[in-house]
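Engineer: Sharing a structure with you now.
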Amino acid sequence: MLPTIILVTLLSTVAAASNAAVPTGCVEIKSNHNNQFLAVGSKQHSKYRQYTVTSHHPHLWTIEKEGDHYLIWDRRKPNELDAVQEAPWDIERLANGKFLIRSNHLQEYLYAADYPNKGLVFTWRVKDHKVRGDEQFHWYINPC
């Protein structure tokens, strides 16, 4: 009887952890892919694409829940995360404690790129790509 109780408790704990809330307030957002922090900087990569960058140094963001989505902005400036310049964002917690961050407006996922340079962050509209299995799309969101 005891092993069954332990198993049920363990399964309940795992389920609660995977459904745990997205951290809000002051956070650091770190790429699982390149082990760098999401940093400020909206730059023009091409006529149609903007990007932001990652850094080895922590950068502080604010995440605020608004309805069923989130707003993300730089704590030092009132501008929202502007790799795409559109809010709001959907943030999905993965079972491994990492998160997927997707533009609600454009339906594109935030990802740490290897091309054209490491350290760039774009959004990408995913068709048949399995983002849950691709670490370029995985982010840690930790309270400050």
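Letters for chains follow the order of the structure tokens (A, B, ...), residue numbers begin at 1 for each chain, and ligand numbers begin at 1 in the order shown.
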Using DSSP on the backbone, list every residue of region 31-144 of chain A that comes out as strand (DSSP E), and give them as JSON, numbers by chain.
Structural biologist: {"A": [31, 37, 38, 39, 40, 41, 42, 43, 44, 50, 51, 52, 53, 54, 55, 61, 62, 63, 64, 65, 66, 69, 70, 71, 72, 73, 74, 89, 90, 91, 92, 93, 99, 100, 101, 102, 103, 109, 110, 111, 112, 120, 121, 122, 123, 124, 139, 140, 141, 142, 143]}
Engineer: Residues within 7 Å of Pro143 (chain A), please, as a PyMOL selection string. Count only C-alpha atoms; anything in the same chain fewer than 2 positions from it doesn't count.
Structural biologist: chain A and resi 23+26-28+141
Engineer: Please produce an output containing N, CA, C and O atoms for each residue in the selection, written as a JSON list (two decimals), in the first residue's frame.
Structural biologist:
```json
[["chain", "number", "residue", "atom", "x", "y", "z"],
["A", 23, "PRO", "N", 6.73, 32.60, -13.77],
["A", 23, "PRO", "CA", 7.19, 33.65, -12.86],
["A", 23, "PRO", "C", 6.81, 35.04, -13.40],
["A", 23, "PRO", "O", 6.95, 35.30, -14.59],
["A", 26, "CYS", "N", 9.86, 40.77, -11.43],
["A", 26, "CYS", "CA", 11.25, 40.84, -11.88],
["A", 26, "CYS", "C", 11.78, 39.44, -12.21],
["A", 26, "CYS", "O", 11.71, 38.53, -11.38],
["A", 27, "VAL", "N", 12.29, 39.27, -13.44],
["A", 27, "VAL", "CA", 12.82, 37.97, -13.88],
["A", 27, "VAL", "C", 14.08, 38.16, -14.73],
["A", 27, "VAL", "O", 14.34, 39.24, -15.24],
["A", 28, "GLU", "N", 14.83, 37.07, -14.82],
["A", 28, "GLU", "CA", 15.90, 36.94, -15.80],
["A", 28, "GLU", "C", 15.44, 35.88, -16.78],
["A", 28, "GLU", "O", 14.87, 34.87, -16.38],
["A", 141, "ILE", "N", 13.10, 31.04, -17.11],
["A", 141, "ILE", "CA", 12.60, 32.30, -16.57],
["A", 141, "ILE", "C", 12.71, 32.18, -15.06],
["A", 141, "ILE", "O", 11.99, 31.40, -14.43]]
```
Engineer: Could you jot down the CA of Gly133 (chain A) to CA of Glu108 (chain A) separation for me, Å, one decimal place?
Structural biologist: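 Between CA of Gly133 (chain A) and CA of Glu108 (chain A) the gap is 16.1 Å.
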Engineer: Env of region 117-126 of chain A: 8 Å cut, atoms = only C-alpha atoms, seq-sep filter 4 positions within chain, self excluded. Answer as a ChimeraX atom specification.
Structural biologist: /A:34,36,38,50-55,83-84,102-103,106-113,131
Engineer: With distances taken over only C-alpha atoms, which residue among A:Tyr115, A:Phe99, A:Trp89, A:Phe37 lies nearest Trp73 (chain A)?
Structural biologist: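 Closest candidate: A:Trp89.
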Engineer: Quick one: everything within 8 Å of Glu92 (chain A), counting only C-alpha atoms, minus sequence neighbours fewer than 3 positions away in the same chain. Send it as a list in words.
Structural biologist: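 Residues near the query, excluding close chain neighbours: Val22, Phe99, Leu100 and Ile101 of chain A.
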Engineer: Those selected residues, please, written with C-alpha atoms and delivered as a PDB file, in the first residue's frame.
Structural biologist:
```pdb
ATOM      1  CA  VAL A  22       4.974  31.453 -15.072  1.00  0.00           C
ATOM      2  CA  PHE A  99       9.500  27.764 -21.178  1.00  0.00           C
ATOM      3  CA  LEU A 100       8.382  28.486 -24.731  1.00  0.00           C
ATOM      4  CA  ILE A 101       7.714  32.178 -25.454  1.00  0.00           C
TER       5      ILE A 101
END
```
Engineer: From the list A:Pro58, A:Asp128, A:His138, A:Thr24, which residue is nearest Leu94 (chain A) when using only C-alpha atoms?
Structural biologist: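 Checking each of A:Pro58, A:Asp128, A:His138, A:Thr24 against Leu94 (chain A), counting only C-alpha atoms, the winner is A:His138.
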